[in-house]
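Asks: First the structure, which I've put down as structure tokens, then a few questions once you've had a look.
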Amino acid sequence: MADQTAPQSATEARPGLTGKQKQRMWRTIQTVLILIAAFIMLIPIIWIFLAAFKSHVEVYQLRLFFTPTFENFGEVFQEPYNLGDKLFNSTIVAFVTVVFAIPFATMAAYSFSRFRLKFETTILVVILATQFVPAVVIILPFFIMFRDLGLLDTRIGLILVNLAIVMPFAIWMIKGFIDGIPMDTEEAAMVDGSSRIQVILNIVLPMAAPGLVTASIFCFILAWNEFLFALFLTNREATTLPIGLALFRGEEGDLWNLLSAAGIIIMLPMFILALAIRKYFVQGMTMGAVR
């Protein structure tokens, strides 16, 4: 009997992890995995940031300590790169695209959300299906149409293309936010004598503001980073920042120090925009996900 009880006593002396210990260990593992993933994602950005302040020779050396230089940021705005013109074009195209896309998308989304339309489901599916068409398939029709209309290498042409790209996405996103607004609120206001326009301006738009801001952010990012259409539909006058990156080549190959400096200039507005409206962005994403 003594031999049979000894192993049981030894087992009881080594109890397993408690619930709190398991929970603490799992949180530690999660934290470590998140830090590793964040570090992997930040490596390219860190490399670009460091390379932007290196000379053409130092950029090929993996050194964390070096003498930084700001000449790269000045050189990208000079001949033959003229990044300032491309920065202006990108700003105008992205800003005007958002200014036109959000109001029209909001009106369309409100109509789909509040009114029963004929073939409503079919129309919504067709709008969504346009996002699945590869860009290379429709570049040639756009090129021929813009050539005949005299819109090649113009900011207006790029704005029209970007509107075609972001409008379906904006309609679907904003519709999800408006669907989350209770109908009772609008009906009560209309019973009190408010018109449909007053209801939209005074109730729907304020309540859907986080969603509108979220849609605006995504539309701006899509227009700001658009590359393929700008590559084929512009040549000199309306080229944007993503196209300007292709100019940083020399006899010695790619000018990574200048590319990195230009990359920082392209990314900087996105970081500033994200920091300025992060509150509305989180609210909008939460509102669109939980209804």
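Each chain in the structure tokens gets a letter, A, B and so on, in the order shown; residues start at 1 in every chain, and ligands are counted from 1 in the order they appear.
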Using only C-alpha atoms, which residues sit within 12 Å of region 111-116 of chain A once same-chain residues fewer than 5 positions away are excluded, as a VMD selection string?
Replies: chain A and resid 104 to 106 121 to 124 127 171 to 184 186 to 187 196 200 204
Asks: Write a file of the selected residues as a PDB file, in the first residue's frame, keeping C-alpha atoms.
Replies:
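Output (again.pdb):
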```pdb
ATOM      1  CA  PHE A 104     -22.663  61.758 -53.733  1.00  0.00           C
ATOM      2  CA  ALA A 105     -21.912  58.478 -51.958  1.00  0.00           C
ATOM      3  CA  THR A 106     -23.856  59.674 -48.904  1.00  0.00           C
ATOM      4  CA  THR A 121     -30.178  44.167 -54.525  1.00  0.00           C
ATOM      5  CA  THR A 122     -29.084  43.843 -58.145  1.00  0.00           C
ATOM      6  CA  ILE A 123     -27.903  47.449 -58.260  1.00  0.00           C
ATOM      7  CA  LEU A 124     -25.936  47.043 -55.025  1.00  0.00           C
ATOM      8  CA  ILE A 127     -21.858  48.470 -57.637  1.00  0.00           C
ATOM      9  CA  ILE A 171     -21.419  53.857 -50.982  1.00  0.00           C
ATOM     10  CA  TRP A 172     -21.196  50.422 -49.370  1.00  0.00           C
ATOM     11  CA  MET A 173     -19.309  51.710 -46.325  1.00  0.00           C
ATOM     12  CA  ILE A 174     -21.580  54.703 -45.653  1.00  0.00           C
ATOM     13  CA  LYS A 175     -24.696  52.581 -46.195  1.00  0.00           C
ATOM     14  CA  GLY A 176     -23.582  50.325 -43.353  1.00  0.00           C
ATOM     15  CA  PHE A 177     -23.322  53.311 -41.020  1.00  0.00           C
ATOM     16  CA  ILE A 178     -26.714  54.760 -42.020  1.00  0.00           C
ATOM     17  CA  ASP A 179     -28.333  51.341 -41.565  1.00  0.00           C
ATOM     18  CA  GLY A 180     -27.227  51.532 -37.930  1.00  0.00           C
ATOM     19  CA  ILE A 181     -29.166  54.776 -37.302  1.00  0.00           C
ATOM     20  CA  PRO A 182     -32.648  54.000 -35.868  1.00  0.00           C
ATOM     21  CA  MET A 183     -35.549  54.868 -38.129  1.00  0.00           C
ATOM     22  CA  ASP A 184     -37.581  55.976 -35.099  1.00  0.00           C
ATOM     23  CA  GLU A 186     -36.101  60.219 -38.234  1.00  0.00           C
ATOM     24  CA  GLU A 187     -39.800  59.395 -38.050  1.00  0.00           C
ATOM     25  CA  ARG A 196     -36.584  65.012 -45.301  1.00  0.00           C
ATOM     26  CA  ILE A 200     -30.741  64.337 -43.174  1.00  0.00           C
ATOM     27  CA  VAL A 204     -28.494  61.581 -40.099  1.00  0.00           C
TER      28      VAL A 204
END
```
Asks: Please provide the set of residues having any atom within 9 Å of region 60-69 of chain A, restricted to only C-alpha atoms, with same-chain residues fewer than 4 positions apart removed, written as a list in words.
Replies: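 Residues meeting the cut-off are Leu50, Ala51, Ala52, Phe53, Lys54, Ser55, His56, Phe73 and Trp256 of chain A.
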Asks: Between A:Phe132, A:Trp224, A:Trp47, A:Phe119, which has the minimum distance to Pro168 (chain A) (counting only C-alpha atoms)?
Replies: A:Phe132
Asks: At a cut-off of 9 Å, using only C-alpha atoms, what residues contact Leu163 (chain A)? Leave out same-chain residues fewer than 6 positions from it and give the result as a ChimeraX atom specification.
Replies: /A:97-98,100-101,219,223
Asks: Just to be explicit: take each residue in the selection above, keep N, CA and C atoms, and write the result as a PDB file, in the first residue's frame.
Replies:
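See out32.pdb below for the written result:
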```pdb
ATOM      1  N   THR A  97     -11.255  64.574 -55.118  1.00  0.00           N
ATOM      2  CA  THR A  97     -11.936  63.279 -55.192  1.00  0.00           C
ATOM      3  C   THR A  97     -12.793  63.046 -53.954  1.00  0.00           C
ATOM      4  N   VAL A  98     -12.243  63.331 -52.773  1.00  0.00           N
ATOM      5  CA  VAL A  98     -13.000  63.148 -51.533  1.00  0.00           C
ATOM      6  C   VAL A  98     -14.156  64.141 -51.461  1.00  0.00           C
ATOM      7  N   PHE A 100     -15.961  65.425 -53.769  1.00  0.00           N
ATOM      8  CA  PHE A 100     -17.086  65.034 -54.625  1.00  0.00           C
ATOM      9  C   PHE A 100     -17.625  63.651 -54.251  1.00  0.00           C
ATOM     10  N   ALA A 101     -16.752  62.733 -53.854  1.00  0.00           N
ATOM     11  CA  ALA A 101     -17.181  61.349 -53.629  1.00  0.00           C
ATOM     12  C   ALA A 101     -18.077  61.218 -52.410  1.00  0.00           C
ATOM     13  N   CYS A 219     -11.056  56.869 -48.819  1.00  0.00           N
ATOM     14  CA  CYS A 219     -11.097  57.435 -50.175  1.00  0.00           C
ATOM     15  C   CYS A 219      -9.849  58.270 -50.454  1.00  0.00           C
ATOM     16  N   ALA A 223      -7.022  57.441 -53.335  1.00  0.00           N
ATOM     17  CA  ALA A 223      -6.690  58.423 -54.371  1.00  0.00           C
ATOM     18  C   ALA A 223      -5.234  58.867 -54.267  1.00  0.00           C
TER      19      ALA A 223
END
```
Asks: Just want the 8 Å neighbourhood of Ser90 (chain A), counted on only C-alpha atoms, with same-chain residues fewer than 6 positions away dropped. Output as a PyMOL selection string.
Replies: chain A and resi 224+239-241
Asks: From the DSSP assignment of the backbone, select every residue of region 218-260 of chain A that is strand (DSSP E), and format the answer as a PyMOL selection string.
Replies: chain A and resi 249-250+253-254
Asks: Save out the residues we just selected, C-alpha atoms, as a CSV table (one decimal), in the first residue's frame.
Replies:
```
chain,number,residue,atom,x,y,z
A,249,ARG,CA,17.2,56.5,-61.2
A,250,GLY,CA,20.7,57.4,-62.3
A,253,GLY,CA,21.1,52.5,-60.5
A,254,ASP,CA,18.3,53.3,-58.1
```
Asks: Among region 26-214 of chain A, which ones does DSSP assign to helix (DSSP H, G or I) (computed from the backbone)? Answer as a PyMOL selection string.
Replies: chain A and resi 26-51+58-60+71-75+83-114+120-132+135-149+155-179+183-191+196-207+209-214
Asks: Quick one: distance from CA of Asp148 (chain A) to CA of Leu228 (chain A) in Å, one decimal?
Replies: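 Between CA of Asp148 (chain A) and CA of Leu228 (chain A) the gap is 20.1 Å.
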Asks: Could you state the separation of CA of Ile266 (chain A) and CA of Phe218 (chain A) in Å, given to one decimal place?
Replies: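 We find that CA of Ile266 (chain A) and CA of Phe218 (chain A) lie 15.6 Å from each other.
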Asks: Do a neighbour search on Leu160 (chain A) at 10 Å with only C-alpha atoms, toss out local chain neighbours closer than 3 positions, and write the hits as a PyMOL selection string.
Replies: chain A and resi 93+96-97+100+151+155-157+163-165
Asks: Please, could you write that set of residues out with N, CA and C atoms as a compact mmCIF listing (two decimals), in the first residue's frame?
Replies:
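Heads up, here's the output in out-v1.txt:
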```txt
# COMPACT_ATOMS: atom_id res chain seq x y z
N VAL A 93 -5.76 66.21 -56.59
CA VAL A 93 -6.55 65.06 -57.06
C VAL A 93 -7.21 64.35 -55.89
N VAL A 96 -9.96 66.79 -54.07
CA VAL A 96 -11.17 67.00 -54.88
C VAL A 96 -11.95 65.70 -55.01
N THR A 97 -11.25 64.57 -55.12
CA THR A 97 -11.94 63.28 -55.19
C THR A 97 -12.79 63.05 -53.95
N PHE A 100 -15.96 65.42 -53.77
CA PHE A 100 -17.09 65.03 -54.63
C PHE A 100 -17.63 63.65 -54.25
N LEU A 151 -8.67 64.73 -72.22
CA LEU A 151 -8.43 64.69 -70.78
C LEU A 151 -7.18 63.93 -70.38
N ARG A 155 -5.47 66.82 -64.49
CA ARG A 155 -5.93 66.48 -63.15
C ARG A 155 -7.41 66.12 -63.15
N ILE A 156 -8.18 66.74 -64.05
CA ILE A 156 -9.61 66.41 -64.13
C ILE A 156 -9.79 64.94 -64.50
N GLY A 157 -8.98 64.46 -65.45
CA GLY A 157 -9.07 63.06 -65.85
C GLY A 157 -8.77 62.12 -64.68
N LEU A 163 -12.78 58.91 -58.82
CA LEU A 163 -14.18 58.85 -58.41
C LEU A 163 -14.79 57.51 -58.77
N ALA A 164 -14.47 57.02 -59.95
CA ALA A 164 -14.98 55.71 -60.36
C ALA A 164 -14.43 54.60 -59.47
N ILE A 165 -13.24 54.80 -58.92
CA ILE A 165 -12.61 53.78 -58.07
C ILE A 165 -13.20 53.80 -56.66
```
Asks: Report as an MDAnalysis selection string all protein, DNA and RNA residues lying within 12 Å of Ala135 (chain A), evaluated on only C-alpha atoms, omitting residues in the same chain fewer than 2 positions from it.
Replies: chainID A and resid 130:133 137:142 161:162 164:165 226:232
Asks: Smallest atom-to-atom distance to Asn235 (chain A): which of A:Met41, A:Leu152, A:Ile29, A:Val125, using only C-alpha atoms?
Replies: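 So, comparing all the options, the nearest one is A:Leu152.
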Asks: Which of these, A:Ile48, A:Val57, A:Ala37, A:Leu233, has the shortest distance to Gly150 (chain A) once you count only C-alpha atoms?
Replies: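 Closest residue, counting only C-alpha atoms: A:Leu233.
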Asks: How many Å lie between CA of Ala94 (chain A) and CA of Met270 (chain A), rounded to one decimal?
Replies: 11.9 Å
